[in-house]
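The next block is entry.txt, given as compact mmCIF, C-alpha atoms and all ligand atoms.
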# COMPACT_ATOMS: atom_id res chain seq x y z
CA MET A 227 8.86 13.24 26.49
CA THR A 228 5.61 12.83 28.42
CA ARG A 229 3.76 16.06 28.95
CA TRP A 230 1.43 16.67 31.89
CA THR A 231 -1.51 16.91 29.51
CA ASP A 232 -0.83 13.33 28.34
CA THR A 233 -1.15 11.90 31.83
CA ALA A 234 -3.95 14.18 33.03
CA GLY A 235 -5.91 13.41 29.85
CA GLN A 236 -9.39 14.77 29.33
CA ALA A 237 -9.55 16.11 32.89
CA GLY A 238 -6.47 18.25 32.20
CA GLU A 239 -8.10 19.61 29.05
CA ALA A 240 -11.22 20.46 31.03
CA LEU A 241 -9.14 22.38 33.56
CA ILE A 242 -7.41 24.40 30.84
CA ALA A 243 -10.74 25.11 29.13
CA ARG A 244 -12.46 26.27 32.33
CA ALA A 245 -9.59 28.44 33.51
CA SER A 246 -9.09 30.13 30.13
CA ALA A 247 -12.83 30.65 29.60
CA ARG A 248 -12.78 33.11 32.49
CA TYR A 249 -10.80 35.49 30.24
CA ARG A 250 -13.69 35.83 27.79
CA ALA A 251 -14.69 38.66 30.11
CA ALA A 252 -11.38 40.35 29.25
CA ASP A 253 -10.25 40.01 25.62
CA PRO A 254 -9.49 37.29 23.07
CA PHE A 255 -5.73 37.68 23.55
CA ALA A 256 -6.10 36.86 27.24
CA VAL A 257 -8.10 33.72 26.42
CA HIS A 258 -5.52 32.47 23.92
CA PHE A 259 -2.62 33.33 26.18
CA ALA A 260 -4.22 31.49 29.10
CA ARG A 261 -4.82 28.40 26.96
CA PHE A 262 -1.26 28.43 25.66
CA LYS A 263 0.42 29.08 28.98
CA LEU A 264 -1.63 26.66 31.08
CA ARG A 265 -1.04 23.89 28.55
CA ASN A 266 2.66 24.49 27.93
CA ASP A 267 3.96 25.69 31.27
CA PRO A 268 3.66 22.73 33.64
CA VAL A 269 4.08 24.76 36.82
CA PHE A 270 0.33 25.17 37.32
CA ALA A 271 -0.33 21.46 36.93
CA ILE A 272 2.63 20.61 39.16
CA ALA A 273 1.31 22.93 41.87
CA LEU A 274 -1.93 20.93 41.97
CA ALA A 275 -0.56 17.46 41.29
CA GLN A 276 2.04 17.80 44.03
CA GLY A 277 -0.11 19.67 46.53
CA LEU A 278 2.21 22.69 46.61
CA ILE A 279 -0.59 25.09 47.58
CA PRO A 280 -1.77 24.56 51.14
CA ASP A 281 -5.49 24.18 51.72
CA GLY A 282 -7.00 27.25 53.36
CA ALA A 283 -4.07 29.47 52.38
CA ARG A 284 -4.22 33.21 52.21
CA ILE A 285 -2.31 33.63 48.96
CA LEU A 286 -0.17 36.61 47.99
CA ASP A 287 0.72 36.30 44.29
CA ILE A 288 3.41 38.86 43.47
CA GLY A 289 3.69 39.77 39.77
CA CYS A 290 0.52 37.80 39.15
CA GLY A 291 0.29 38.73 35.46
CA GLN A 292 -3.25 38.11 34.26
CA GLY A 293 -4.04 36.11 37.38
CA LEU A 294 -3.62 32.64 35.88
CA LEU A 295 -2.99 30.97 39.22
CA ALA A 296 -6.24 32.32 40.65
CA SER A 297 -8.22 31.28 37.56
CA TRP A 298 -6.57 27.87 37.70
CA LEU A 299 -7.59 27.34 41.31
CA LEU A 300 -11.15 28.42 40.58
CA ALA A 301 -11.29 26.02 37.63
CA ALA A 302 -9.87 23.26 39.81
CA ARG A 303 -12.62 23.74 42.34
CA GLN A 304 -15.26 23.46 39.59
CA CYS A 305 -13.66 20.44 37.92
CA HIS A 306 -12.90 18.45 41.04
CA ALA A 307 -16.41 17.14 41.57
CA ASP A 308 -16.89 15.58 38.14
CA ASN A 309 -13.68 15.46 36.14
CA TRP A 310 -10.36 15.34 37.95
CA PRO A 311 -6.94 14.11 36.79
CA PRO A 312 -6.22 10.63 38.15
CA GLY A 313 -3.84 10.56 41.11
CA TRP A 314 -4.02 14.29 41.86
CA PRO A 315 -4.95 15.23 45.42
CA PRO A 316 -8.13 17.28 45.94
CA PRO A 317 -7.48 20.90 44.95
CA PRO A 318 -6.79 23.40 47.71
CA VAL A 319 -9.51 25.82 48.68
CA PRO A 320 -7.76 29.11 49.44
CA ARG A 321 -8.99 31.38 52.16
CA SER A 322 -8.18 34.46 50.06
CA TYR A 323 -6.15 35.62 47.08
CA LEU A 324 -4.33 38.90 46.54
CA GLY A 325 -2.48 39.48 43.28
CA ILE A 326 -0.12 42.40 42.74
CA GLU A 327 0.71 43.29 39.14
CA LEU A 328 2.64 46.17 37.59
CA THR A 329 1.26 46.05 34.04
CA PRO A 330 -2.15 47.79 33.97
CA ALA A 331 -3.52 45.70 31.07
CA ASP A 332 -2.69 42.45 32.84
CA ALA A 333 -4.11 43.65 36.14
CA GLU A 334 -7.32 44.51 34.24
CA ARG A 335 -7.41 41.05 32.64
CA ALA A 336 -6.97 39.45 36.04
CA ARG A 337 -9.76 41.56 37.49
CA ALA A 338 -12.09 40.68 34.62
CA ALA A 339 -11.39 36.97 35.03
CA LEU A 340 -12.00 37.06 38.77
CA ALA A 341 -14.96 39.44 38.73
CA GLY A 342 -18.20 38.48 40.43
CA PRO A 343 -18.88 36.52 43.55
CA GLY A 344 -16.42 33.71 44.07
CA PRO A 345 -15.84 30.97 46.61
CA TRP A 346 -13.11 33.04 48.24
CA PRO A 347 -12.26 36.77 48.27
CA ALA A 348 -9.95 37.73 45.42
CA ASP A 349 -8.35 41.10 44.90
CA ILE A 350 -5.97 42.45 42.27
CA ARG A 351 -3.82 45.49 42.95
CA GLN A 352 -2.21 47.24 40.02
CA ALA A 353 1.02 48.41 41.59
CA ASP A 354 4.78 48.09 41.62
CA ALA A 355 5.48 45.23 43.98
CA ARG A 356 8.71 46.92 45.10
CA ALA A 357 6.59 49.38 47.04
CA ALA A 358 3.26 47.57 47.29
CA VAL A 359 4.39 44.44 49.13
CA ALA A 360 5.78 46.57 51.95
CA GLU A 361 2.29 48.06 52.20
CA VAL A 362 0.48 44.74 52.45
CA ALA A 363 -1.15 44.79 55.83
CA ALA A 364 -2.42 41.23 55.85
CA ALA A 365 -0.76 38.04 56.94
CA CYS A 366 -0.56 35.34 54.30
CA ASP A 367 0.25 31.64 54.24
CA LEU A 368 1.61 31.39 50.71
CA VAL A 369 3.72 33.88 48.80
CA VAL A 370 3.93 33.12 45.09
CA LEU A 371 6.72 34.57 42.97
CA LEU A 372 6.62 32.87 39.59
CA ASP A 373 9.09 34.28 37.04
CA VAL A 374 9.05 37.77 38.50
CA LEU A 375 12.22 38.55 40.42
CA HIS A 376 14.48 38.90 37.39
CA TYR A 377 12.52 41.97 36.29
CA ILE A 378 13.91 43.99 39.18
CA ASP A 379 17.48 44.76 40.20
CA ARG A 380 19.48 42.95 42.87
CA PRO A 381 18.86 45.27 45.85
CA ALA A 382 15.17 45.36 44.96
CA GLN A 383 15.05 41.54 44.71
CA GLU A 384 16.39 41.26 48.24
CA ALA A 385 14.14 43.98 49.64
CA LEU A 386 11.07 42.46 47.95
CA LEU A 387 11.85 39.01 49.32
CA ARG A 388 12.30 40.45 52.80
CA ASP A 389 9.00 42.34 52.55
CA ALA A 390 7.24 39.23 51.24
CA LEU A 391 8.57 37.05 54.05
CA ARG A 392 7.47 39.66 56.54
CA CYS A 393 3.88 39.06 55.36
CA LEU A 394 4.24 35.32 55.82
CA ALA A 395 2.62 33.71 58.84
CA PRO A 396 4.71 31.24 60.87
CA ARG A 397 5.11 27.98 58.93
CA GLY A 398 4.05 29.92 55.82
CA ARG A 399 5.30 28.88 52.43
CA LEU A 400 7.04 30.51 49.48
CA LEU A 401 6.53 29.14 45.98
CA MET A 402 9.15 30.72 43.78
CA ARG A 403 10.39 30.07 40.30
CA VAL A 404 13.51 31.85 39.14
CA GLY A 405 15.95 31.54 36.29
CA ASP A 406 19.27 29.87 36.96
CA ALA A 407 21.92 32.18 35.50
CA SER A 408 24.47 29.37 35.68
CA ALA A 409 22.53 27.26 33.17
CA GLY A 410 24.61 28.40 30.18
CA TRP A 411 22.93 28.82 26.80
CA ARG A 412 19.56 27.74 28.23
CA ALA A 413 19.70 30.67 30.66
CA ARG A 414 20.61 33.09 27.86
CA TYR A 415 17.83 31.73 25.66
CA SER A 416 15.29 31.95 28.47
CA ARG A 417 16.33 35.52 29.24
CA ALA A 418 16.02 36.52 25.56
CA VAL A 419 12.49 35.07 25.43
CA ASP A 420 11.55 36.91 28.62
CA ARG A 421 12.84 40.22 27.24
CA VAL A 422 10.79 39.85 24.08
CA VAL A 423 7.67 38.88 26.04
CA GLN A 424 8.19 41.80 28.43
CA TRP A 425 8.38 44.18 25.48
CA LEU A 426 5.38 42.67 23.71
CA ARG A 427 3.13 42.52 26.77
CA ALA A 428 4.15 45.61 28.67
CA GLY A 429 6.25 47.73 26.32
CA ARG A 430 9.09 47.64 28.83
CA THR A 431 12.68 47.08 27.75
CA SER A 432 14.36 47.16 31.14
CA PRO A 433 17.29 44.78 31.58
CA LEU A 434 16.80 41.50 33.43
CA THR A 435 18.78 40.62 36.53
CA CYS A 436 19.44 36.92 36.94
CA ARG A 437 21.40 34.99 39.56
CA PRO A 438 22.78 31.48 39.66
CA ALA A 439 20.43 29.06 41.42
CA ASP A 440 22.98 28.62 44.22
CA GLU A 441 22.83 32.31 44.94
CA TRP A 442 19.04 32.21 45.19
CA ARG A 443 19.28 29.24 47.54
CA ALA A 444 21.81 31.02 49.75
CA LEU A 445 19.73 34.19 49.79
CA LEU A 446 16.57 32.40 50.91
CA ARG A 447 18.34 30.25 53.47
CA GLY A 448 19.98 33.41 54.82
CA MET A 449 16.46 34.78 55.37
CA GLY A 450 15.52 31.77 57.48
CA MET A 451 13.84 29.56 54.89
CA THR A 452 14.06 25.81 54.62
CA LEU A 453 14.10 24.93 50.94
CA ARG A 454 13.19 22.06 48.74
CA GLU A 455 13.15 21.98 44.99
CA VAL A 456 10.55 20.55 42.68
CA PRO A 457 11.96 19.13 39.45
CA LEU A 458 10.58 20.69 36.29
CA PRO A 459 10.44 18.87 32.96
CA ARG A 460 13.40 19.80 30.76
CA ASP A 461 11.14 21.04 27.99
CA ALA A 462 9.65 23.72 30.23
CA HIS A 463 11.67 26.86 30.83
CA GLY A 464 14.89 24.86 30.51
CA ALA A 465 16.87 27.10 32.86
CA ASN A 466 14.43 27.61 35.69
CA VAL A 467 14.22 26.25 39.21
CA LEU A 468 11.06 25.86 41.24
CA MET A 469 11.67 26.26 44.95
CA VAL A 470 9.36 25.68 47.86
CA GLY A 471 10.50 27.52 50.95
CA THR A 472 9.06 27.06 54.40
CA LEU A 473 9.35 29.51 57.18
CA ASP A 474 9.84 27.12 60.04
CA SER A 475 10.05 29.73 62.71
CA GLU A 476 10.48 33.42 62.09
CA PRO A 477 12.34 35.06 59.26
CA VAL A 478 15.78 36.36 59.94
CA HIS A 479 16.03 40.13 60.63
CA ASN A 480 13.10 39.59 63.01
CA ALA A 481 10.83 40.31 60.08
CA GLY A 482 7.43 38.76 60.65
CA THR A 483 7.58 38.83 64.43
CA PRO A 484 4.81 40.84 66.02
CA ALA A 485 7.39 43.33 67.18
CA ALA A 486 8.90 43.81 63.74
CA THR A 487 5.67 43.80 61.80
CA SER A 488 4.03 46.17 64.16
CA ALA A 489 6.50 48.92 63.31
CA SER A 490 5.42 49.12 59.69
CA ALA A 491 1.89 47.94 60.23
CA GLN A 492 1.21 50.28 63.11
CA ARG A 493 2.26 53.16 60.85
CA ARG A 494 -0.59 52.05 58.63
CA GLY A 495 -2.87 51.49 61.60
CA THR A 496 -3.61 47.90 60.64
CA VAL A 497 -2.25 46.00 63.58
CA THR A 498 -4.75 44.35 65.88
CA ALA A 499 -4.79 44.79 69.60
CA ALA A 500 -3.06 41.42 69.92
CA GLY A 501 -0.22 42.68 67.75
CA GLU A 502 -1.24 40.52 64.81
CA LEU A 503 -1.75 41.60 61.24
CA GLU A 504 -5.31 41.78 60.02
CA PRO A 505 -6.22 38.77 57.90
CA LEU A 506 -6.80 39.28 54.18
C1 LIG B 1 6.65 36.31 33.34
S1 LIG B 1 5.30 37.16 34.02
C2 LIG B 1 4.67 35.96 35.18
C3 LIG B 1 3.26 36.20 35.56
C4 LIG B 1 2.68 35.24 36.57
N1 LIG B 1 3.48 35.17 37.77
C5 LIG B 1 2.48 33.86 35.96
O1 LIG B 1 3.28 32.97 36.28
O2 LIG B 1 1.58 33.72 35.15
C6 LIG B 1 6.05 38.34 35.11
C7 LIG B 1 5.07 39.35 35.63
O3 LIG B 1 5.69 40.14 36.63
C8 LIG B 1 5.23 41.45 36.47
N2 LIG B 1 6.16 42.38 37.12
C9 LIG B 1 7.42 42.70 36.74
N3 LIG B 1 7.94 43.61 37.57
C10 LIG B 1 6.99 43.87 38.50
C11 LIG B 1 6.92 44.75 39.61
N4 LIG B 1 7.96 45.54 39.94
N5 LIG B 1 5.80 44.77 40.34
C12 LIG B 1 4.74 43.97 40.03
N6 LIG B 1 4.75 43.13 38.97
C13 LIG B 1 5.85 43.09 38.22
C14 LIG B 1 5.16 41.64 34.98
O4 LIG B 1 4.36 42.74 34.62
C15 LIG B 1 4.59 40.29 34.55
O5 LIG B 1 3.20 40.31 34.53

For this file, write the structure as structure tokens.
Ligand SMILES: C[S@@+](CC[C@H](N)C(=O)[O-])C[C@H]1O[C@@H](n2cnc3c(N)ncnc32)[C@H](O)[C@@H]1O
Amino acid sequence: MTRWTDTAGQAGEALIARASARYRAADPFAVHFARFKLRNDPVFAIALAQGLIPDGARILDIGCGQGLLASWLLAARQCHADNWPPGWPPPPVPRSYLGIELTPADAERARAALAGPGPWPADIRQADARAAVAEVAAACDLVVLLDVLHYIDRPAQEALLRDALRCLAPRGRLLMRVGDASAGWRARYSRAVDRVVQWLRAGRTSPLTCRPADEWRALLRGMGMTLREVPLPRDAHGANVLMVGTLDSEPVHNAGTPAATSASAQRRGTVTAAGELEPL
């Protein structure tokens, strides 16, 4: 099976090296983890190779872990000029990045990796996304939810998605990877791995809540999203689906309209005179 690193060659290696080097400011574990994950989980390469991250996006990365996506995008910007994988489009230049992460140690690692002046504003909030996303006062163009939703229960999954879509500007995009509970033994295997990793990284043993992919599709479409799916190689997270949702107009439940956002945002005093959310 061809891996992304085979086709991206030396330029792919340079990307991994640059992105993981940022974690030297954190701890050796973070460096090794970044190297391992960026090499073996193709989602980061796919996001760049297939242009899944819009240029100029205000990114909200929910459950951002140690901020790998942000480090990856920074590395991409550095590598693009001199050493770039053949056939990949130019990397996106975000307008801003906000990561929300529950585990304090990972939030710290993300902060360390993103510390210092950067080409775009980057912020990490250590918080429970179930409450924190509802408090986000800024509009965004891309919501990222990579391997996060199964850590919270069903009502919370739906509430979090609704809150996230409320932050999304018209024609904004959702990049979401979830497990497919209907994938048989691969789903059970994937869940077992996730439980062990959750315990090792965060000391949490809470149960995971998975849904069949069809249920995720129906849920997102019911919220007003148009969906497409990006195939993942079989060797990567065998039971996962990567979905790209677009908010063509306004999310269902009127969430995201000036009228709806203003109710929560005005409580926080963050709505502009024009009824728009303050940019990140
Ligand atoms: C499998 S990791 C994925 C990390 C990151 N999205 C990535 O792809 O590198 C899932 C992350 O979600 C975080 N998480 C789980 N529940 C959360 C919550 N309620 N609020 C914020 N983050 C949460 C975990 O702490 C963990 O860092």

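In this model, the gap between atom N5 of ligand LIG 1 (chain B) and atom CA of A:Leu241 comes to 27.8 Å.
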
- Query: Once you count all atoms listed in the file, which residues end up within 8 Å of ligand LIG 1 (chain B), and could you hand them over as a PyMOL selection string?
  - Reply: chain A and resi 263+287-295+326-329+332+352-356+358+370-375+377-378+420+423-424+427-428

Output of the above residues as a compact mmCIF listing (two decimals), in the coordinates of the input, restricted to C-alpha atoms:
# COMPACT_ATOMS: atom_id res chain seq x y z
CA LYS A 263 0.42 29.08 28.98
CA ASP A 287 0.72 36.30 44.29
CA ILE A 288 3.41 38.86 43.47
CA GLY A 289 3.69 39.77 39.77
CA CYS A 290 0.52 37.80 39.15
CA GLY A 291 0.29 38.73 35.46
CA GLN A 292 -3.25 38.11 34.26
CA GLY A 293 -4.04 36.11 37.38
CA LEU A 294 -3.62 32.64 35.88
CA LEU A 295 -2.99 30.97 39.22
CA ILE A 326 -0.12 42.40 42.74
CA GLU A 327 0.71 43.29 39.14
CA LEU A 328 2.64 46.17 37.59
CA THR A 329 1.26 46.05 34.04
CA ASP A 332 -2.69 42.45 32.84
CA GLN A 352 -2.21 47.24 40.02
CA ALA A 353 1.02 48.41 41.59
CA ASP A 354 4.78 48.09 41.62
CA ALA A 355 5.48 45.23 43.98
CA ARG A 356 8.71 46.92 45.10
CA ALA A 358 3.26 47.57 47.29
CA VAL A 370 3.93 33.12 45.09
CA LEU A 371 6.72 34.57 42.97
CA LEU A 372 6.62 32.87 39.59
CA ASP A 373 9.09 34.28 37.04
CA VAL A 374 9.05 37.77 38.50
CA LEU A 375 12.22 38.55 40.42
CA TYR A 377 12.52 41.97 36.29
CA ILE A 378 13.91 43.99 39.18
CA ASP A 420 11.55 36.91 28.62
CA VAL A 423 7.67 38.88 26.04
CA GLN A 424 8.19 41.80 28.43
CA ARG A 427 3.13 42.52 26.77
CA ALA A 428 4.15 45.61 28.67

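Excluding A:His306 itself and any same-chain residue fewer than 4 positions from it, the protein and nucleic acid residues within 9 Å of it, counting all atoms listed in the file, are Ala301, Ala302, Trp310, Pro311, Pro316 and Pro317 of chain A.
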
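The nearest approach to A:Val369 among the residues A:Pro433, A:Gly398, A:Pro459, A:Pro254, with all atoms listed in the file taken into account, belongs to A:Gly398.
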
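Here atom CA of A:Asp379 stands at a distance of 8.7 Å from atom CA of A:Cys436.
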
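For the set A:Ala465, A:Glu384, A:Gly325, A:Ala245, the residue with the smallest atom-to-atom gap to A:Arg303 is A:Ala245, counting all atoms listed in the file.
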
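Distance-wise, atom CA of A:Ala407 and atom CA of A:Asn466 end up 8.8 Å apart.
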
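Candidate residues A:Ile350, A:Met469, A:Leu274, A:Ala439 were compared for distance to A:Thr452, and the nearest is A:Met469, using all atoms listed in the file.
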
- Choose the residue, out of A:Arg265, A:Arg250, A:Arg284, A:His258, that has the smallest atom-to-atom separation from A:Gly235; count all atoms listed in the file. A:Arg265

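Among the candidates A:Ala338, A:Ala364, A:His376, A:Leu386, the one nearest to A:Ser416 when counting only C-alpha atoms is A:His376.
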
- Go through A:Leu299, A:Ala339, A:Ser408, A:Asp232 one by one, measure the shortest atom-to-atom distance of each to A:Ala247 using only C-alpha atoms, and give the residue with the smallest value. A:Ala339

Would you list the contacts of A:Arg397 as a PDB file with C-alpha atoms, in the coordinates of the input, taking every protein, DNA or RNA residue within 12 Å and counting all atoms listed in the file, but skipping same-chain residues closer than 4 positions in sequence?
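Listing of around35.pdb after writing:
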ATOM      1  CA  PRO A 280      -1.770  24.560  51.140  1.00  0.00           C
ATOM      2  CA  ALA A 283      -4.070  29.470  52.380  1.00  0.00           C
ATOM      3  CA  ALA A 365      -0.760  38.040  56.940  1.00  0.00           C
ATOM      4  CA  CYS A 366      -0.560  35.340  54.300  1.00  0.00           C
ATOM      5  CA  ASP A 367       0.250  31.640  54.240  1.00  0.00           C
ATOM      6  CA  LEU A 368       1.610  31.390  50.710  1.00  0.00           C
ATOM      7  CA  VAL A 369       3.720  33.880  48.800  1.00  0.00           C
ATOM      8  CA  LEU A 391       8.570  37.050  54.050  1.00  0.00           C
ATOM      9  CA  CYS A 393       3.880  39.060  55.360  1.00  0.00           C
ATOM     10  CA  GLY A 450      15.520  31.770  57.480  1.00  0.00           C
ATOM     11  CA  MET A 451      13.840  29.560  54.890  1.00  0.00           C
ATOM     12  CA  THR A 452      14.060  25.810  54.620  1.00  0.00           C
ATOM     13  CA  GLY A 471      10.500  27.520  50.950  1.00  0.00           C
ATOM     14  CA  THR A 472       9.060  27.060  54.400  1.00  0.00           C
ATOM     15  CA  LEU A 473       9.350  29.510  57.180  1.00  0.00           C
ATOM     16  CA  ASP A 474       9.840  27.120  60.040  1.00  0.00           C
ATOM     17  CA  SER A 475      10.050  29.730  62.710  1.00  0.00           C
ATOM     18  CA  GLU A 476      10.480  33.420  62.090  1.00  0.00           C
ATOM     19  CA  PRO A 477      12.340  35.060  59.260  1.00  0.00           C
ATOM     20  CA  GLY A 482       7.430  38.760  60.650  1.00  0.00           C
TER      21      GLY A 482
END

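Neighbours of A:Pro345 closer than or equal to 12 Å, with only C-alpha atoms counted and sequence neighbours fewer than 3 positions away skipped, come out as Gly282, Ala296, Ser297, Leu299, Leu300, Ala301, Ala302, Arg303, Gln304, Pro318, Val319, Pro320, Arg321, Ser322, Tyr323, Leu340, Ala341, Gly342 and Ala348 of chain A.
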
Could stretch 412-428 of chain A be completed with N, CA and C atoms and returned as a PDB file, keeping the file's coordinate frame?
ATOM      1  N   ARG A 412      20.992  27.826  27.924  1.00  0.00           N
ATOM      2  CA  ARG A 412      19.560  27.740  28.230  1.00  0.00           C
ATOM      3  C   ARG A 412      19.121  28.987  29.013  1.00  0.00           C
ATOM      4  N   ALA A 413      20.018  29.463  29.891  1.00  0.00           N
ATOM      5  CA  ALA A 413      19.700  30.670  30.660  1.00  0.00           C
ATOM      6  C   ALA A 413      19.652  31.881  29.722  1.00  0.00           C
ATOM      7  N   ARG A 414      20.599  31.941  28.783  1.00  0.00           N
ATOM      8  CA  ARG A 414      20.610  33.090  27.860  1.00  0.00           C
ATOM      9  C   ARG A 414      19.376  33.066  26.960  1.00  0.00           C
ATOM     10  N   TYR A 415      19.006  31.875  26.518  1.00  0.00           N
ATOM     11  CA  TYR A 415      17.830  31.730  25.660  1.00  0.00           C
ATOM     12  C   TYR A 415      16.563  32.165  26.423  1.00  0.00           C
ATOM     13  N   SER A 416      16.465  31.651  27.650  1.00  0.00           N
ATOM     14  CA  SER A 416      15.290  31.950  28.470  1.00  0.00           C
ATOM     15  C   SER A 416      15.170  33.458  28.719  1.00  0.00           C
ATOM     16  N   ARG A 417      16.326  34.084  28.980  1.00  0.00           N
ATOM     17  CA  ARG A 417      16.330  35.520  29.240  1.00  0.00           C
ATOM     18  C   ARG A 417      15.895  36.296  27.987  1.00  0.00           C
ATOM     19  N   ALA A 418      16.380  35.845  26.811  1.00  0.00           N
ATOM     20  CA  ALA A 418      16.020  36.520  25.560  1.00  0.00           C
ATOM     21  C   ALA A 418      14.509  36.429  25.332  1.00  0.00           C
ATOM     22  N   VAL A 419      13.939  35.242  25.592  1.00  0.00           N
ATOM     23  CA  VAL A 419      12.490  35.070  25.430  1.00  0.00           C
ATOM     24  C   VAL A 419      11.757  36.021  26.374  1.00  0.00           C
ATOM     25  N   ASP A 420      12.218  36.067  27.624  1.00  0.00           N
ATOM     26  CA  ASP A 420      11.550  36.910  28.620  1.00  0.00           C
ATOM     27  C   ASP A 420      11.595  38.392  28.227  1.00  0.00           C
ATOM     28  N   ARG A 421      12.723  38.798  27.634  1.00  0.00           N
ATOM     29  CA  ARG A 421      12.840  40.220  27.240  1.00  0.00           C
ATOM     30  C   ARG A 421      11.853  40.541  26.127  1.00  0.00           C
ATOM     31  N   VAL A 422      11.726  39.611  25.189  1.00  0.00           N
ATOM     32  CA  VAL A 422      10.790  39.850  24.080  1.00  0.00           C
ATOM     33  C   VAL A 422       9.356  39.892  24.615  1.00  0.00           C
ATOM     34  N   VAL A 423       9.038  38.929  25.498  1.00  0.00           N
ATOM     35  CA  VAL A 423       7.670  38.880  26.040  1.00  0.00           C
ATOM     36  C   VAL A 423       7.379  40.143  26.851  1.00  0.00           C
ATOM     37  N   GLN A 424       8.369  40.584  27.623  1.00  0.00           N
ATOM     38  CA  GLN A 424       8.190  41.800  28.430  1.00  0.00           C
ATOM     39  C   GLN A 424       7.873  42.997  27.518  1.00  0.00           C
ATOM     40  N   TRP A 425       8.596  43.070  26.405  1.00  0.00           N
ATOM     41  CA  TRP A 425       8.380  44.180  25.480  1.00  0.00           C
ATOM     42  C   TRP A 425       7.009  44.072  24.818  1.00  0.00           C
ATOM     43  N   LEU A 426       6.658  42.844  24.388  1.00  0.00           N
ATOM     44  CA  LEU A 426       5.380  42.670  23.710  1.00  0.00           C
ATOM     45  C   LEU A 426       4.199  42.930  24.643  1.00  0.00           C
ATOM     46  N   ARG A 427       4.286  42.432  25.868  1.00  0.00           N
ATOM     47  CA  ARG A 427       3.130  42.520  26.770  1.00  0.00           C
ATOM     48  C   ARG A 427       3.034  43.854  27.464  1.00  0.00           C
ATOM     49  N   ALA A 428       4.203  44.423  27.811  1.00  0.00           N
ATOM     50  CA  ALA A 428       4.150  45.610  28.670  1.00  0.00           C
ATOM     51  C   ALA A 428       4.867  46.808  28.072  1.00  0.00           C
TER      52      ALA A 428
END
